[in-house]
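J.: Below you'll find the structure I mean.
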Amino acid sequence: MVALEFKHIVKHFPGSAGNAVDDVSLTINEGEFITIIGTSGSGKTTLLKMVNRLVEPTSGSICLLGEDILDRDPVKLRRGIGYVIQQVGLFPHMTVAQNIATVPKILKWDKERIAARTDELLELVGLDPDEFRGRYPAQLSGGQQQRVGLARALAVDPAAMLLDEPFGAIDAITRAKLQDELIAIHRKHKRTYLFVTHDVSEAFKLGDRVLVMHEGKALRFDTPEAIERNPGDGFARELLESAGISL
Amino acid sequence: MTMGEYAREYGDRLTDALVQHLRIVGVTLLISIVLALVLTLVIIRFKRLSAIVVRLLGGVYAIPSLALFSLLIPFTGIGEPTAIIVLVAYNQFLLIRNFIAGLDGVDPGVIEAAVGCGMSRMRLLLTVRLPLAFPVMLAGVHLSIISTIGIATIAAAIGAGGIGKLLFEGMRTRNTAKILWGTVLAGGLAIVANFLLLFLEKISGKRLHYNG
């Protein structure tokens, strides 16, 4: 079943020369792990942020599970979409448990259900609930903070997860571990993931399909194997070569 | 007359002056904080307007207090109400500047995550922005309390009473004991308030568990 459908999406920021996103049309199936790769300014983050309406398209439409997101109240729409960003953005004045409980609390879950869900999520992201639920973000390492960020985004089992360079500020060893765990979490729940990165090997490791973006356009959208087999002559080849992926 | 003799003979005048001073400061702060909060919440969404308002209030703050008191006498007469209007006007600069700095100073990543979670504007304000801005906002309240205690002494010149009355009368009648009592009360009040507020700021800072 189709999870997300972008139809002729254009985003133009006032005052800039070209389009940030230039006529992108894509169909993403339910349960797919999509990585979006491109240089800075390629429009990958803009495309991602249009899904939870942090950015509104200039023209075109986006359907989530068959429903046009522009017909929905953006605040309510966001509660059903997980969102993880590079800066993590944990609330520094709240404990780990309170951070994870953000959306369940907005949705007025009862206390027992929230407590049980919090513990379940902490275990899912590899943090011992007894040790971590009462800690504050400042008492966590960068990797642990992003685990909590991930747990917070997964809290109400959202239909789609948007991840904007979530491991961009994390050291290489921790990043590799988090990537493996993210793959495992995705396999377990089979939700639709959109993962933006500028790291080619990360995109190829995680993605069921990889979207290569350049200057606002969707250049390639295919499995990592197909892109490696047939990179073409343009930007996709350049990108692969720059990452040292042998062709 | 020594300070001890003055206190024994006119103790009630000292307590009256202190109580009146505290009342002026209290009423001023209550009105100032409520007004500054409302104004801040109205203007904060408009960056240019916020900058203009803070600059205008800075201009008001730069007017010497005695001049501003005199300026208002034709409209609001002499006495406590005029004093309070002026003190509230001065406080708006100190408060609104810090309220805006506090609310705007919240980490953009935290705001983006909160909005991305599906928080409404009101929930974002109440559960994220206000608690995180609180230490900076409290620093503004701190400044305004100390400033109000000081400027309120000058308000005695337009008949608002308070500790300033002791000072002005003492100077007119060359009563050194009275002048000293006025100085001790005004200075002591400011110092005690300062300590209390520093203590409050320390607690509120600790509650946030920031690194470093």
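Ordering of the structure tokens sets the chain letters (A, B, ...), residue numbers begin anew at 1 in every chain, and ligands are numbered from 1 in the order given.
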Which residues are near segment 46-58 of chain B? Cut-off 10 Å, only C-alpha atoms, ignore same chain within fewer than 6 positions. Put them as a PyMOL selection string.

T.: chain B and resi 39-40+89-98+100+104

J.: Segment 188-218 of chain A: which residues are strand (DSSP E or B) by DSSP, as a PyMOL selection string?

T.: chain A and resi 192-197+209-214+217-218

J.: Once you have the residues from the selection above, write them out as a tab-separated table (two decimals), in the first residue's frame, restricted to C-alpha atoms.

T.:
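Result saved to out_12.tsv:
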chain	number	residue	atom	x	y	z
A	192	THR	CA	7.58	4.23	6.75
A	193	TYR	CA	10.88	6.00	7.38
A	194	LEU	CA	12.24	9.06	5.58
A	195	PHE	CA	15.85	9.62	6.55
A	196	VAL	CA	17.82	12.64	5.32
A	197	THR	CA	21.61	12.45	5.31
A	209	ARG	CA	15.53	2.84	-1.66
A	210	VAL	CA	17.72	5.92	-1.98
A	211	LEU	CA	16.52	9.26	-3.29
A	212	VAL	CA	19.34	11.30	-4.78
A	213	MET	CA	18.55	15.01	-4.82
A	214	HIS	CA	20.46	17.75	-6.57
A	217	LYS	CA	15.37	17.85	-8.35
A	218	ALA	CA	14.93	14.14	-7.63

J.: Up to 12 Å from chain A, what residues of chain B turn up? Count only C-alpha atoms and give them as a ChimeraX atom specification.

T.: /B:106-124,127-135,204-212

J.: Leaving out Leu166 of chain B and any residue of its chain fewer than 5 positions from it, which residues lie within 10 Å of it when counting only C-alpha atoms, given as a list in words?

T.: Arg13, Leu14, Ala17, Leu18, Thr153, Ala156, Gly161, Met171, Arg172, Asn175, Ala177, Lys178, Ile179, Leu180, Trp181, Gly182, Thr183 and Leu185 of chain B

J.: Give me a file of those residues, with C-alpha atoms, as an mmCIF file, in the first residue's frame.

T.:
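In the end it all went to result-v6.cif:
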data_model
loop_
_atom_site.group_PDB
_atom_site.id
_atom_site.type_symbol
_atom_site.label_atom_id
_atom_site.label_comp_id
_atom_site.auth_asym_id
_atom_site.auth_seq_id
_atom_site.Cartn_x
_atom_site.Cartn_y
_atom_site.Cartn_z
ATOM 1 C CA ARG B 13 7.210 57.652 61.258
ATOM 2 C CA LEU B 14 9.947 55.228 60.261
ATOM 3 C CA ALA B 17 7.564 55.395 55.674
ATOM 4 C CA LEU B 18 8.798 51.835 55.210
ATOM 5 C CA THR B 153 12.491 57.432 46.997
ATOM 6 C CA ALA B 156 8.484 61.666 47.607
ATOM 7 C CA GLY B 161 5.495 59.548 50.596
ATOM 8 C CA MET B 171 17.583 67.589 54.219
ATOM 9 C CA ARG B 172 15.179 70.522 54.513
ATOM 10 C CA ASN B 175 18.039 66.609 60.638
ATOM 11 C CA ALA B 177 19.393 61.378 62.183
ATOM 12 C CA LYS B 178 16.398 61.472 59.873
ATOM 13 C CA ILE B 179 18.591 61.531 56.756
ATOM 14 C CA LEU B 180 20.609 58.590 58.074
ATOM 15 C CA TRP B 181 17.482 56.600 58.845
ATOM 16 C CA GLY B 182 16.194 57.240 55.323
ATOM 17 C CA THR B 183 19.496 56.087 53.882
ATOM 18 C CA LEU B 185 16.046 51.973 55.216
#

J.: Using DSSP assignments from the backbone, pull out every residue in segment 71-116 of chain A that falls under alpha helix (DSSP H) and give it to me as a list in words.

T.: Pro74, Val75, Lys76, Leu77, Arg78, Arg79, Val96, Ala97, Gln98, Asn99, Ile100, Thr102, Val103, Pro104, Lys105, Ile106, Lys111, Glu112, Arg113, Ile114, Ala115 and Ala116 of chain A

J.: Set the distance at 12 Å and use only C-alpha atoms: which residues neighbour Ile28 of chain A once local chain neighbours fewer than 5 positions away are removed? I'd like the list as an mmCIF file with C-alpha atoms, in the first residue's frame.

T.:
data_model
loop_
_atom_site.group_PDB
_atom_site.id
_atom_site.type_symbol
_atom_site.label_atom_id
_atom_site.label_comp_id
_atom_site.auth_asym_id
_atom_site.auth_seq_id
_atom_site.Cartn_x
_atom_site.Cartn_y
_atom_site.Cartn_z
ATOM 1 C CA MET A 1 0.000 0.000 0.000
ATOM 2 C CA VAL A 2 1.110 3.537 -0.710
ATOM 3 C CA ALA A 3 2.200 5.454 2.391
ATOM 4 C CA LEU A 4 3.304 8.741 0.923
ATOM 5 C CA GLU A 5 2.758 10.282 -2.448
ATOM 6 C CA PHE A 6 4.438 13.493 -3.601
ATOM 7 C CA LYS A 7 2.809 14.990 -6.680
ATOM 8 C CA PHE A 33 12.957 2.864 4.629
ATOM 9 C CA ILE A 34 13.806 5.741 2.289
ATOM 10 C CA THR A 35 17.054 7.648 2.586
ATOM 11 C CA ILE A 62 1.407 15.333 -0.623
ATOM 12 C CA CYS A 63 -0.815 12.444 0.400
ATOM 13 C CA LEU A 64 -0.185 10.492 3.595
ATOM 14 C CA LEU A 65 -2.035 7.158 3.575
ATOM 15 C CA GLY A 66 -4.311 8.439 0.839
ATOM 16 C CA ALA A 160 5.636 7.780 9.330
ATOM 17 C CA ARG A 191 6.691 1.862 9.566
ATOM 18 C CA THR A 192 7.582 4.229 6.747
ATOM 19 C CA TYR A 193 10.878 6.000 7.379
ATOM 20 C CA LEU A 194 12.244 9.057 5.583
ATOM 21 C CA ASP A 208 15.569 0.188 1.014
ATOM 22 C CA ARG A 209 15.529 2.836 -1.663
ATOM 23 C CA VAL A 210 17.725 5.917 -1.983
ATOM 24 C CA LEU A 211 16.519 9.262 -3.291
ATOM 25 C CA PHE A 221 15.086 7.069 -6.777
ATOM 26 C CA ASP A 222 16.067 3.442 -6.672
#

J.: So the first atom is atom CA of Phe132 of chain A and the second is atom CA of Ala184 of chain A; what is the distance between them in Å, to one decimal place?

T.: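 Between atom CA of Phe132 of chain A and atom CA of Ala184 of chain A the gap is 21.3 Å.
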
J.: Residues at most 8 Å from Thr28 of chain B, counting only C-alpha atoms, excluding those fewer than 5 positions away in the same chain, as a ChimeraX atom specification?

T.: /B:84-85,87-88,148

J.: Take the selection from the previous step and output its residues with N, CA and C atoms, as a JSON list (two decimals), in the first residue's frame.

T.:
[["chain", "number", "residue", "atom", "x", "y", "z"],
["B", 84, "ILE", "N", 3.32, 55.80, 40.78],
["B", 84, "ILE", "CA", 3.21, 54.42, 40.31],
["B", 84, "ILE", "C", 3.21, 54.36, 38.78],
["B", 85, "ILE", "N", 2.52, 55.32, 38.15],
["B", 85, "ILE", "CA", 2.51, 55.34, 36.67],
["B", 85, "ILE", "C", 3.94, 55.46, 36.14],
["B", 87, "LEU", "N", 6.80, 54.75, 37.68],
["B", 87, "LEU", "CA", 7.60, 53.57, 38.01],
["B", 87, "LEU", "C", 7.25, 52.39, 37.10],
["B", 88, "VAL", "N", 5.96, 52.24, 36.80],
["B", 88, "VAL", "CA", 5.55, 51.17, 35.89],
["B", 88, "VAL", "C", 6.15, 51.40, 34.50],
["B", 148, "THR", "N", 13.05, 49.99, 41.14],
["B", 148, "THR", "CA", 11.83, 50.60, 41.69],
["B", 148, "THR", "C", 12.07, 51.08, 43.12]]

J.: Hey, can you check how far atom CA of Arg133 of chain A sits from atom CA of Gly105 of chain B?

T.: 27.2 Å

J.: Mind checking which residues fall within 8 Å of segment 229-236 of chain A, counting only C-alpha atoms, ignoring those fewer than 2 positions away in the same chain, and posting them as a list in words?

T.: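 With the cut-off at 8 Å, the set is Val212, His214, Leu219, Arg220, Glu225, Ala226, Ile227, Glu238, Leu239, Leu240 and Leu247 of chain A.
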
J.: When distances are computed from only C-alpha atoms, which of B:Pro81, B:Gly162, B:Gly26, B:Gly187 shows the smallest separation from Phe69 of chain B?

T.: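 When distances to Phe69 of chain B are compared using only C-alpha atoms, the smallest one comes from B:Pro81.
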